[in-house]
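Content type mmCIF, C-alpha atoms, from the file model.cif:
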```
data_query
#
loop_
_atom_site.group_PDB
_atom_site.id
_atom_site.type_symbol
_atom_site.label_atom_id
_atom_site.label_comp_id
_atom_site.auth_asym_id
_atom_site.auth_seq_id
_atom_site.Cartn_x
_atom_site.Cartn_y
_atom_site.Cartn_z
ATOM 1 C CA MET A 341 40.212 13.858 35.162
ATOM 2 C CA ASN A 342 41.708 10.767 36.760
ATOM 3 C CA TYR A 343 44.691 10.746 39.074
ATOM 4 C CA ASP A 344 47.875 10.118 37.096
ATOM 5 C CA LYS A 345 50.491 8.396 39.289
ATOM 6 C CA ASN A 346 53.187 9.661 36.919
ATOM 7 C CA ASN A 347 52.289 13.353 37.120
ATOM 8 C CA ILE A 348 55.127 15.750 37.890
ATOM 9 C CA PHE A 349 54.060 16.285 41.518
ATOM 10 C CA ALA A 350 53.877 12.531 42.174
ATOM 11 C CA LYS A 351 57.404 12.262 40.760
ATOM 12 C CA ILE A 352 58.579 15.081 43.028
ATOM 13 C CA LEU A 353 57.005 13.353 46.046
ATOM 14 C CA ARG A 354 58.788 10.101 45.114
ATOM 15 C CA GLY A 355 62.101 11.952 44.787
ATOM 16 C CA GLU A 356 62.398 11.277 41.056
ATOM 17 C CA ILE A 357 62.444 15.018 40.301
ATOM 18 C CA SER A 358 64.107 17.563 42.578
ATOM 19 C CA CYS A 359 62.506 20.732 43.848
ATOM 20 C CA LYS A 360 63.508 23.830 45.782
ATOM 21 C CA LYS A 361 61.690 22.993 49.016
ATOM 22 C CA VAL A 362 60.070 25.663 51.188
ATOM 23 C CA TYR A 363 58.269 23.506 53.760
ATOM 24 C CA GLU A 364 57.491 19.848 54.380
ATOM 25 C CA ASN A 365 55.795 17.714 56.984
ATOM 26 C CA ASP A 366 54.202 14.253 56.966
ATOM 27 C CA TYR A 367 51.178 15.519 55.001
ATOM 28 C CA VAL A 368 52.340 18.277 52.633
ATOM 29 C CA LEU A 369 55.207 19.588 50.545
ATOM 30 C CA SER A 370 55.727 23.176 49.430
ATOM 31 C CA PHE A 371 58.300 24.241 46.856
ATOM 32 C CA HIS A 372 59.139 27.061 44.465
ATOM 33 C CA ASP A 373 57.397 27.005 41.081
ATOM 34 C CA ILE A 374 59.905 26.417 38.264
ATOM 35 C CA ASN A 375 58.109 28.998 36.091
ATOM 36 C CA PRO A 376 57.118 31.706 38.592
ATOM 37 C CA LEU A 377 54.432 34.177 37.563
ATOM 38 C CA LYS A 378 55.200 36.601 40.397
ATOM 39 C CA LYS A 379 58.198 37.542 42.558
ATOM 40 C CA THR A 380 57.148 34.878 45.050
ATOM 41 C CA HIS A 381 55.364 31.864 43.554
ATOM 42 C CA VAL A 382 55.360 28.581 45.431
ATOM 43 C CA LEU A 383 53.220 25.477 45.243
ATOM 44 C CA LEU A 384 51.690 23.537 48.113
ATOM 45 C CA ILE A 385 50.693 19.916 47.516
ATOM 46 C CA PRO A 386 49.300 17.181 49.734
ATOM 47 C CA LYS A 387 51.311 13.970 49.886
ATOM 48 C CA GLY A 388 48.181 11.923 49.197
ATOM 49 C CA GLU A 389 46.842 11.165 45.727
ATOM 50 C CA TYR A 390 44.156 13.807 45.260
ATOM 51 C CA ILE A 391 43.194 15.243 41.884
ATOM 52 C CA ASP A 392 41.866 18.600 43.020
ATOM 53 C CA LEU A 393 40.317 20.431 45.956
ATOM 54 C CA ASP A 394 36.940 18.724 45.481
ATOM 55 C CA ASP A 395 38.550 15.271 45.473
ATOM 56 C CA PHE A 396 40.648 16.205 48.519
ATOM 57 C CA HIS A 397 37.673 17.383 50.581
ATOM 58 C CA ASN A 398 35.673 14.281 49.627
ATOM 59 C CA LYS A 399 38.394 11.706 50.325
ATOM 60 C CA ALA A 400 41.073 13.103 52.645
ATOM 61 C CA SER A 401 41.152 12.452 56.361
ATOM 62 C CA GLU A 402 40.329 15.258 58.762
ATOM 63 C CA ARG A 403 43.994 15.341 59.780
ATOM 64 C CA GLU A 404 45.152 15.740 56.159
ATOM 65 C CA ILE A 405 42.720 18.627 55.626
ATOM 66 C CA ILE A 406 43.824 20.369 58.817
ATOM 67 C CA GLU A 407 47.522 19.943 58.055
ATOM 68 C CA PHE A 408 47.095 21.164 54.471
ATOM 69 C CA ASN A 409 45.368 24.334 55.643
ATOM 70 C CA LYS A 410 47.835 24.915 58.481
ATOM 71 C CA ALA A 411 50.695 24.554 56.003
ATOM 72 C CA ILE A 412 49.545 27.669 54.141
ATOM 73 C CA THR A 413 50.221 29.715 57.277
ATOM 74 C CA GLN A 414 53.600 28.060 57.785
ATOM 75 C CA VAL A 415 54.670 28.679 54.196
ATOM 76 C CA VAL A 416 53.719 32.370 54.122
ATOM 77 C CA LYS A 417 55.554 32.932 57.418
ATOM 78 C CA ILE A 418 58.689 31.276 56.007
ATOM 79 C CA LEU A 419 58.450 33.389 52.863
ATOM 80 C CA LYS A 420 57.748 36.552 54.899
ATOM 81 C CA ILE A 421 54.596 37.351 52.922
ATOM 82 C CA SER A 422 52.036 36.771 55.666
ATOM 83 C CA ASN A 423 49.173 39.197 56.205
ATOM 84 C CA GLN A 424 51.243 40.862 58.943
ATOM 85 C CA GLU A 425 53.823 41.651 56.272
ATOM 86 C CA ASP A 426 52.784 42.407 52.676
ATOM 87 C CA GLY A 427 50.051 39.829 52.100
ATOM 88 C CA TYR A 428 49.619 36.982 49.634
ATOM 89 C CA ARG A 429 47.190 35.224 47.317
ATOM 90 C CA VAL A 430 46.254 31.526 47.210
ATOM 91 C CA LEU A 431 44.893 30.034 43.992
ATOM 92 C CA SER A 432 43.761 26.550 43.021
ATOM 93 C CA ASN A 433 42.674 25.592 39.515
ATOM 94 C CA ILE A 434 40.025 22.874 39.568
ATOM 95 C CA GLY A 435 39.162 21.064 36.355
ATOM 96 C CA LYS A 436 39.883 21.661 32.705
ATOM 97 C CA ASN A 437 37.894 24.890 32.353
ATOM 98 C CA SER A 438 39.988 26.525 35.070
ATOM 99 C CA GLY A 439 43.247 25.592 33.384
ATOM 100 C CA GLN A 440 44.282 22.785 35.731
ATOM 101 C CA GLU A 441 47.204 21.100 33.990
ATOM 102 C CA VAL A 442 48.401 18.566 36.576
ATOM 103 C CA SER A 443 46.010 16.000 38.061
ATOM 104 C CA HIS A 444 47.364 16.448 41.599
ATOM 105 C CA LEU A 445 45.874 19.020 43.964
ATOM 106 C CA HIS A 446 48.140 22.029 44.239
ATOM 107 C CA LEU A 447 47.767 25.528 45.577
ATOM 108 C CA HIS A 448 49.673 28.410 44.049
ATOM 109 C CA ILE A 449 50.833 30.897 46.686
ATOM 110 C CA PHE A 450 51.796 34.312 45.298
ATOM 111 C CA GLY A 451 53.306 37.315 47.039
ATOM 112 C CA GLY A 452 56.339 39.521 47.431
ATOM 113 C CA GLU A 453 54.878 42.311 45.302
ATOM 114 C CA LYS A 454 51.611 44.130 44.624
ATOM 115 C CA LEU A 455 49.411 41.555 42.913
ATOM 116 C CA GLY A 456 46.523 43.690 41.750
ATOM 117 C CA ARG A 457 43.046 42.325 41.225
ATOM 118 C CA ILE A 458 44.041 39.210 39.251
ATOM 119 C CA VAL A 459 47.136 37.035 38.937
ATOM 120 C CA LEU A 460 47.832 37.329 35.215
#
```

Let's see the structure in the file written out as structure tokens.
Amino acid sequence: MNYDKNNIFAKILRGEISCKKVYENDYVLSFHDINPLKKTHVLLIPKGEYIDLDDFHNKASEREIIEFNKAITQVVKILKISNQEDGYRVLSNIGKNSGQEVSHLHLHIFGGEKLGRIVL
């Protein structure tokens, strides 16, 4: 899978498509999924052009990696689903066999209800 500069997340980052923002800094953007699978379902994306988690870890700067991981904690605090509250799940699909549909790294963050053993 190659990076597609016209994928939906690239368009959101360029401001061509709006989103319901949860959190943003110089390195990441988090927003509500337009087709939520759970009560709370947000996405977290890096602002750089990375296809998936493997690509990100191979090419991103140390600062980008740190900020991306720190953003998870910020987002779950904002959403009030942190481990100190009810808990949450983070999921990333990597490659076609996992069901990755958009060629831009994104984490799904689920919470706000009992999730069970699997997401779907």

Listed atoms of segment 394-410 of chain A, axis-aligned box, 5 Å per side: centre and edge lengths to one decimal in Å, as lines of an AutoDock Vina configuration file?
```
center_x = 41.8
center_y = 18.3
center_z = 52.6
size_x = 22.2
size_y = 23.2
size_z = 24.3
```

Next item on the list: Run the PyMOL selection byres ((chain A and resi 382) around 10) against the file shown and list the residues it catches, as a VMD selection string.
Entry: chain A and resid 360 to 362 370 to 381 383 to 384 415 to 416 419 430 446 to 451

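Take atom CA of Tyr390 of chain A and atom CA of His444 of chain A: the distance between them is 5.5 Å.
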
Taking the file above as input, evaluate the PyMOL selection byres ((chain A and resi 348) around 12) and report the hits as an mmCIF file with C-alpha atoms, in the coordinates of the input.
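Result file follows (expr-v6.cif):
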```cif
data_model
loop_
_atom_site.group_PDB
_atom_site.id
_atom_site.type_symbol
_atom_site.label_atom_id
_atom_site.label_comp_id
_atom_site.auth_asym_id
_atom_site.auth_seq_id
_atom_site.Cartn_x
_atom_site.Cartn_y
_atom_site.Cartn_z
ATOM 1 C CA TYR A 343 44.691 10.746 39.074
ATOM 2 C CA ASP A 344 47.875 10.118 37.096
ATOM 3 C CA LYS A 345 50.491 8.396 39.289
ATOM 4 C CA ASN A 346 53.187 9.661 36.919
ATOM 5 C CA ASN A 347 52.289 13.353 37.120
ATOM 6 C CA PHE A 349 54.060 16.285 41.518
ATOM 7 C CA ALA A 350 53.877 12.531 42.174
ATOM 8 C CA LYS A 351 57.404 12.262 40.760
ATOM 9 C CA ILE A 352 58.579 15.081 43.028
ATOM 10 C CA LEU A 353 57.005 13.353 46.046
ATOM 11 C CA ARG A 354 58.788 10.101 45.114
ATOM 12 C CA GLY A 355 62.101 11.952 44.787
ATOM 13 C CA GLU A 356 62.398 11.277 41.056
ATOM 14 C CA ILE A 357 62.444 15.018 40.301
ATOM 15 C CA SER A 358 64.107 17.563 42.578
ATOM 16 C CA CYS A 359 62.506 20.732 43.848
ATOM 17 C CA ASP A 373 57.397 27.005 41.081
ATOM 18 C CA ILE A 374 59.905 26.417 38.264
ATOM 19 C CA ILE A 385 50.693 19.916 47.516
ATOM 20 C CA GLU A 441 47.204 21.100 33.990
ATOM 21 C CA VAL A 442 48.401 18.566 36.576
ATOM 22 C CA SER A 443 46.010 16.000 38.061
ATOM 23 C CA HIS A 444 47.364 16.448 41.599
ATOM 24 C CA LEU A 445 45.874 19.020 43.964
ATOM 25 C CA HIS A 446 48.140 22.029 44.239
#
```

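Shortest separation to Asp394 of chain A among A:Gly435, A:Arg457, A:Asn365, A:Thr413 occurs at residue A:Gly435, atoms counted being all atoms listed in the file.
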
Next item on the list: Show which residues sit within 10 Å of Gln414 of chain A, as a ChimeraX atom specification. Count all atoms listed in the file, and ignore same-chain residues fewer than 3 positions away.
Entry: /A:362-364,370,409-411,417-420,422

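The two atoms in question, atom CA of Asp426 of chain A and atom CA of Phe408 of chain A, are spaced 22.1 Å apart.
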
Margin query: Given all atoms listed in the file as the basis, pick out the residue of A:Glu407, A:Phe396, A:Lys436, A:Ile391 nearest to Tyr367 of chain A.
Written below: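 Between A:Glu407, A:Phe396, A:Lys436, A:Ile391, the residue approaching Tyr367 of chain A most closely is A:Glu407.
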
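Note that atom CA of Ile405 of chain A and atom CA of Gln424 of chain A are 24.0 Å apart.
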
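Residue nearest Gly452 of chain A, chosen from A:Gly388, A:Ser432, A:Asn423, A:Glu404 and counting only C-alpha atoms: A:Asn423.
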